[in-house]
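For reference, the structure discussed in these notes is given below.
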2 protein chains.
Amino acid sequence: MTKNPNQQNLKVIPLGGLGEVGRNMTLFETEKEILICDMGFRMPEETMPGVDYIIPNISYLKESKKKILGVVFTHGHYDHIGAIPYIIDKIWHPGFEFFASPLTKGIIMKRQEDFSNQPPVKITEVKNGSKIKMGDFKIEFFRQNHNIPDNLGIFIETPVGNIVHTSDFKFDSTPIADLPTDFEKIKSFGKRKVLLLLSDSTGAEEENHSLSEKTIGKNLEEIFQKAEGRIIAATFASLINRVQQIITLSEKYNRKVIIEGYSMKTNFEISKKLGYIKSKKETIIKSKDIDKYPDSKITVLCTGAQGEGSAVLMRIATKEHPFIRVKKGDSVILSSSVIPGNERTVQNLKDDLLRQKANVFHYKMMDIHAGGHAQKEELKKIIEILKPKFILPVHGQYSMLVAHAMIAKETGMPEKNIVVAENGQVINLNPDKIFIEKSRVPSNHVMVDGLGVGDVGEVVLRDRQMLAKDVMFVIVVAVDRQTGKVKGSPDIISRGFVYLRESKDLLKDTRKKVIEIVHQATGSGGTVNWSYIKDEIRNKIGQYFHTRTQRRPMILPVVIEV
Amino acid sequence: MTKNPNQQNLKVIPLGGLGEVGRNMTLFETEKEILICDMGFRMPEETMPGVDYIIPNISYLKESKKKILGVVFTHGHYDHIGAIPYIIDKIWHPGFEFFASPLTKGIIMKRQEDFSNQPPVKITEVKNGSKIKMGDFKIEFFRQNHNIPDNLGIFIETPVGNIVHTSDFKFDSTPIADLPTDFEKIKSFGKRKVLLLLSDSTGAEEENHSLSEKTIGKNLEEIFQKAEGRIIAATFASLINRVQQIITLSEKYNRKVIIEGYSMKTNFEISKKLGYIKSKKETIIKSKDIDKYPDSKITVLCTGAQGEGSAVLMRIATKEHPFIRVKKGDSVILSSSVIPGNERTVQNLKDDLLRQKANVFHYKMMDIHAGGHAQKEELKKIIEILKPKFILPVHGQYSMLVAHAMIAKETGMPEKNIVVAENGQVINLNPDKIFIEKSRVPSNHVMVDGLGVGDVGEVVLRDRQMLAKDVMFVIVVAVDRQTGKVKGSPDIISRGFVYLRESKDLLKDTRKKVIEIVHQATGSGGTVNWSYIKDEIRNKIGQYFHTRTQRRPMILPVVIEV
């Protein structure tokens with residue numbers, strides 16, 4: 001039944017993003033060419049001490065370097081662009097092409113500044129409606145709503161048929177700083193015969209339709225209307241649309257905005273410069289000027305809604321921030337959902353803020369956060385519009401891929417046309433058939449072990465084998481929960497780092513330093529933030545060792561509460 | 001305005017359960033006497049390696065041992081009774097009295113068998129309507145719905161006025177294996193003038209009314225109706241009512257029931273013996289007989305809904321269980337909510353089960369779990385019925401206590417009559433006034449460091465100061481994610497345990513043992529369960545060291561995925 005019985009097959013190879021949330025990277029491969037979509041990283045799990053990020057394994061690409069045409073980026077979130085500086089130097093060649101929307105490009109280029117020895121990343125800008133040709137692939141970009149502007153889905157004409165990759169998306173008829181979903185455009189793709197749909201599964205376990213950013217805006221406005229003290233709004237720096245909302249509301253309610261946190265500042269600056277965030281010149285003030293305005297005229301927009309140990313909101317809560325303390329009557333908004341694994345930390349953060357008499361608003365109390373991902377209804381709708389012959393659920397935990405497959409089945413797609421695959425599997429596609437090949441490509445975790453935020457410019461990349469052989473320091477410190485004081489002397493256990501007998505001074509000084517760090521972190525009393533202490537020990541002792549020895553051990557802090 | 005101006009004040013002292021979930025223990029103290037309510041423990045956080053439980057600090061009680069009248073237990077959950085064997089020997093004296101309902105008593109006495117050197121715990125049975133006198137306290141017990149039968153609230157006549165302690169509770173008009181809430185009884189307390197209400201805050205952040213167990217039953221029945229293969233239902237062993245539901249449904253749908261898991265078996269036996277669980281004699285079969293029945297006639301009722309490393313469901317999922325494997329078409333029911341911090345583990349468990357082609361049902365998909373705690377509407381209602389002069393929110397994270405205080409305020413209680421307190425604070429009460437005293441009693445964590453489930457009979461109790469000085473072993477092992485094989489030789493870092501030079505053999509054998517444990521745990525392939533490997537190393541190496549050296553170090557496994 002195929003038009004051309006000799007036609008080659010196309011291989012779709014997910015190197016990341018299947019069976020996990022983050023680390024998205026997909027290959028489209030013909031006999032002669034490879035097209036890459038996205039190069040993301042993801043955050044490590046708690047079982048991976050000393051690791052900063054997990055990136056895709058590119059051994060397969062290294063072998064076929066010459067076949068690579070280049071990469072198209074769908075949007076500027078780190079789970080889609082974060083791995084670039086760690087892998088591009090290993091697969092780049094002079095013919096390598098890069099395509100991204102202006103905001104995505106802006107975020108990538110700003111980050112590249114932090115890395116040295118990178119090959120030239122010359123990105124061609126594309127936007128809604130742009131058509132490009134890369135080898136045998138013809139690609140058309142189309143606007144998709146998400147929670148960052150300038151997000152693009154891709155329609156790819158390939159030798160075997162047309163493929164649609166949704167990117168991360170949701171349907172939003174009333175978005176913020178963005179246009180509503182262009183259903184006519186999606187319908188037009190449907191008319192052109194879609195052989196395979198790769199679609200975002202992150203929201204596949206959620207019923208109904210995702211919330212519109214406008215609904216969030218209404219709820220946020222309620223808080224602004226009632227707030228008498230300062231508003232401290234924490235969200236992800238990458239949620240550009242949410243950042244815009246908070247700035248717009250602050251302007252409406254005559255509040256100055258203090259932007260705090262490195263990533264928040266950076267993303268604000270890029271987005272502002274490129275016109276994706278709009279704010280009046282006089283709106284933004286510096287944090288040191290906070291006391292020049294009455295509390296009711298201040299908004300602090302910052303990072304740390306996940307209770308991250310070193311982010312701004314945590315530093316405010318633990319009284320470590322140089323200018324900002326929580327006051328009675330402040331309204332603290334945690335405008336993000338909680339990433340699985342962070343629940344306990346966020347709970348502790350909330351409790352600390354409440355103990356300091358703030359009013360705390362979080363997504364469980366009201367809809368002040370919307371996910372950026374299509375839910376059941378939307379996933380069904382895009383299948384119904386595009387009518388793909390085959391579907392490959394991408395982006396999400398295995399359970400989300402399975403839920404997405406169920407949705408596809410409910411739309412009437414035959415089970416054999418629905419492929420639930422895993423990273424490293426080779427999905428073989430021709431006009432008549434889709435199947436998973438027996439052989440796999442390497443897709444295990446590759447880990448990046450830096451010394452945390454702020455140190456990104458010097459991160460050290462090591463794969464896991466290296467890491468297993470690497471030097472390690474276990475620092476055991478007992479801290480009195482009531483007073484925050486260190487009990488006894490910290491214990492240091494090392495492996496492969498220095499000959500301990502020859503380094504008595506170093507160890508002695510390190511013990512002293514650990515005590516200092518703990519006392520600084522527990523500071524003026526109040527509730528002790530254990531994860532912050534651990535982060536501080538990991539970061540500062542790491543830097544300290546590096547200064548004195550030029551080596552970077554893995555630091556494993558064990559803080560025992562006494 | 002008081003009737004007796006010379007009247008002494010009463011002190012209410014929470015030793016646990018405030019600002020945390022679990023570890024409930026409260027003191028009611030007059031000048032001459034102390035009455036204790038509950039002695040619970042809670043599970044440790046991830047920052048506490050090697051720790052099994054956290055129990056209340058009883059230093060204050062040790063000082064005033066002679067004043068203690070005894071203890072009343074509200075119900076048989078471990079967050080209310082779990083600390084008994086660790087603290088009773090330190091505060092018991094010959095006049096010490098114990099009161100509990102029959103099921104609570106049954107659970108306590110069964111557990112006491114696992115401990116040696118315990119003082120005699122002679123419990124007097126009480127039930128709904130029982131009235132007792134302990135020193136100057138007159139106590140009346142009343143039935144409260146929860147998710148375990150035989151749960152009792154207490155009405156206490158004290159020298160300063162009447163106090164109601166709700167215990168954990170919810171209002172349920174259609175409970176399972178229990179009677180509906182007796183509102184007339186609660187109203188009668190309201191008429192007797194309640195000076196202080198201590199009320200359960202666990203559900204205070206949840207809107208509306210808790211679900212009835214009957215609703216859960218309906219949803220569970222839907223699964224039973226449709227299931228063609230086996231049903232594997234995992235829940236907490238302590239949710240006796242849920243256990244009953246699953247047995248009843250199995251009988252209705254002609255399924256035999258296999259009960260798996262030590263705690264599940266124990267609780268089933270106690271409850272059955274005391275008449276709190278009803279089942280036909282032929283319903284329960286042994287797991288080794290599983291293949292004698294068609295899949296459609298089998299229910300497995302087991303522990304492990306939280307993805308606990310060594311619980312039955314995890315052993316089934318990782319193919320470690322001697323008789324039970326997941327088959328395509330099995331319906332796996334996770335009938336419990338996810339405890340904060342366990343999200344990632346439960347996600348991995350779900351994914352593993354789905355990869356093995358089971359149908360997985362969890363509480364996010366349908367209401368197959370109901371919390372046992374009153375939500376906003378119910379908390380408001382009990383305040384409105386009892387009309388207490390003062391309220392002290394108990395049981396819950398700080399944010400829950402604050403939410404509960406807001407609810408009290410919404411009922412019209414003046415703010416000064418609502419006390420949000422913390423563990424160790426002394427709440428001073430007289431007929432006119434409630435306030436928190438300046439001095440506190442010790443309430444920091446006390447940790448129990450055993451070697452995990454199954455080893456409970458030999459647990460070693462140490463407080464945190466001890467622990468900080470204790471011996472420690474860090475075991476670093478690199479495991480290949482793809483093959484499950486150990487790469488290289490495991491590394492062992494010790495502190496204070498043995499002189500390493502004199503223990504070469506021990507270390508060599510331990511390394512071998514670690515490799516064995518890992519290979520056994522990764523077994524027949526499939527997805528590697530990292531937390532299970534860590535648990536196994538912690539447990540088995542712990543036991544191994546103990547056998548060889550009679551010492552019990554803290555084992556800190558570091559598993560690195562390669």
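In the structure tokens, each chain is lettered A, B, ... as it comes, each chain's residues begin at 1, and ligands are numbered from 1 in order of appearance.
If you count only C-alpha atoms and ignore residues fewer than 4 places along the chain from Phe390 (chain A), what sits within 7 Å of it is A:Leu195, A:Leu196, A:Leu197, A:Asn417, A:Ile418.
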**Item:** Given only C-alpha atoms as the counted atoms, nearest of B:Lys327, B:Gly135, B:Ser250, B:Pro322 to Val300 (chain B)
**Value:** B:Ser250
**Residue nearest Thr522 (chain A) among A:Lys319, A:His362, A:Lys416, A:Lys187 (counting only C-alpha atoms)** = A:Lys319
**Request:** Using only C-alpha atoms, determine which residues lie at most 9 Å from region 92-97 of chain B, disregarding the query and same-chain residues fewer than 5 positions distant; provide the list as number ranges by chain.
**Result:** B: 65-66, 68-72, 87, 119-124, 134
**Request:** From a DSSP pass on the backbone, collect the residues of region 18-253 of chain B flagged as strand (DSSP E) and hand them back as a ChimeraX atom specification.
**Result:** /B:25-29,34-37,53-55,68-72,97-100,123-125,131-134,137-143,152-158,161-165,196-200,231-234
**Message:** With only C-alpha atoms as the counted atoms, please give the residues lying no more than 9 Å from Gln225 (chain B), apart from itself and same-chain residues fewer than 4 positions off, as a PyMOL selection string.
**Reply:** chain B and resi 220-221+253
Would you put the residues from that selection into a file with N, CA and C atoms, as a PDB file, in the first residue's frame?
```pdb
ATOM      1  N   LEU B 220     -13.980   1.279  45.146  1.00  0.00           N
ATOM      2  CA  LEU B 220     -13.246   0.015  45.154  1.00  0.00           C
ATOM      3  C   LEU B 220     -14.075  -1.062  44.446  1.00  0.00           C
ATOM      4  N   GLU B 221     -15.380  -1.029  44.685  1.00  0.00           N
ATOM      5  CA  GLU B 221     -16.237  -2.056  44.079  1.00  0.00           C
ATOM      6  C   GLU B 221     -16.211  -1.964  42.556  1.00  0.00           C
ATOM      7  N   TYR B 253     -17.252 -10.914  45.510  1.00  0.00           N
ATOM      8  CA  TYR B 253     -16.873 -11.265  44.140  1.00  0.00           C
ATOM      9  C   TYR B 253     -16.125 -12.604  44.072  1.00  0.00           C
TER      10      TYR B 253
END
```
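Non-sequential neighbours of region 265-282 of chain A (distance at most 9 Å, separation of 3 or more positions within a chain, only C-alpha atoms) are Pro102, Leu103, Gly106, Ile107, Lys110, Pro149, Asp150, Ala177, Asp178, Ala237, Ser238, Ile240, Asn241, Val243, Gln244, Ile247, Thr248, Glu251, Lys256, Ile259, Glu260, Gly261, Tyr262, Ile285 and Cys302 of chain A.
Each of A:Asn423, A:Thr303, A:Asn359, A:Ser167 was compared to Ala403 (chain B) using only C-alpha atoms, and A:Asn359 turns out to be the nearest.
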**Request:** Enumerate as a ChimeraX atom specification all residues of region 62-175 of chain A assigned to helix (DSSP H, G or I) by DSSP on the backbone, naming them with the chain letters and numbers the document uses.
**Result:** /A:62-63,65-67,78-81,84-91,102-112
What lies within 8 Å of Leu10 (chain A) using only C-alpha atoms, ignoring chain neighbours under 2 positions off, as a PDB file with N, CA and C atoms, in the first residue's frame?
```pdb
ATOM      1  N   GLN A   8      12.974   4.051   2.362  1.00  0.00           N
ATOM      2  CA  GLN A   8      13.643   3.771   3.636  1.00  0.00           C
ATOM      3  C   GLN A   8      12.692   4.045   4.800  1.00  0.00           C
ATOM      4  N   VAL A  12      12.952   7.160  15.001  1.00  0.00           N
ATOM      5  CA  VAL A  12      12.794   8.188  16.025  1.00  0.00           C
ATOM      6  C   VAL A  12      13.449   7.637  17.286  1.00  0.00           C
ATOM      7  N   PHE A  28      15.647  12.338  15.012  1.00  0.00           N
ATOM      8  CA  PHE A  28      14.924  11.826  13.854  1.00  0.00           C
ATOM      9  C   PHE A  28      15.992  11.433  12.845  1.00  0.00           C
ATOM     10  N   GLU A  29      16.044  10.155  12.508  1.00  0.00           N
ATOM     11  CA  GLU A  29      17.172   9.685  11.718  1.00  0.00           C
ATOM     12  C   GLU A  29      16.731   8.965  10.450  1.00  0.00           C
ATOM     13  N   THR A  30      17.298   9.399   9.334  1.00  0.00           N
ATOM     14  CA  THR A  30      17.133   8.640   8.089  1.00  0.00           C
ATOM     15  C   THR A  30      18.462   7.934   7.835  1.00  0.00           C
ATOM     16  N   GLU A  31      18.565   7.298   6.683  1.00  0.00           N
ATOM     17  CA  GLU A  31      19.794   6.557   6.429  1.00  0.00           C
ATOM     18  C   GLU A  31      21.017   7.471   6.485  1.00  0.00           C
ATOM     19  N   PRO A 159      10.961  11.959   4.645  1.00  0.00           N
ATOM     20  CA  PRO A 159      10.819  11.046   3.508  1.00  0.00           C
ATOM     21  C   PRO A 159       9.734   9.983   3.701  1.00  0.00           C
ATOM     22  N   VAL A 160       9.360   9.690   4.931  1.00  0.00           N
ATOM     23  CA  VAL A 160       8.334   8.657   5.135  1.00  0.00           C
ATOM     24  C   VAL A 160       6.943   9.233   5.384  1.00  0.00           C
ATOM     25  N   ASN A 428      10.904   2.571  14.885  1.00  0.00           N
ATOM     26  CA  ASN A 428      11.044   2.479  13.440  1.00  0.00           C
ATOM     27  C   ASN A 428       9.704   2.780  12.787  1.00  0.00           C
ATOM     28  N   LEU A 429       9.748   3.691  11.831  1.00  0.00           N
ATOM     29  CA  LEU A 429       8.503   4.218  11.259  1.00  0.00           C
ATOM     30  C   LEU A 429       8.538   4.145   9.748  1.00  0.00           C
ATOM     31  N   ASN A 430       7.486   3.601   9.137  1.00  0.00           N
ATOM     32  CA  ASN A 430       7.277   3.786   7.702  1.00  0.00           C
ATOM     33  C   ASN A 430       5.793   4.078   7.505  1.00  0.00           C
TER      34      ASN A 430
END
```
**Asked** Contacts of region 287-290 of chain B at 12 Å or less, counting only C-alpha atoms, minus same-chain residues fewer than 2 places along, as a count of residues only?
**Response** 27
**Request:** Can you work out the spacing between CA of Phe41 (chain A) and CA of Gln375 (chain A) in Å, to one decimal?
**Result:** 23.2 Å
**Message:** Given only C-alpha atoms as the basis, pick out the residue of A:Arg355, A:Lys389, A:Arg548, A:His373 nearest to chain B.
**Reply:**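 Looking at the shortest contact to chain B, the residue is A:Arg355.
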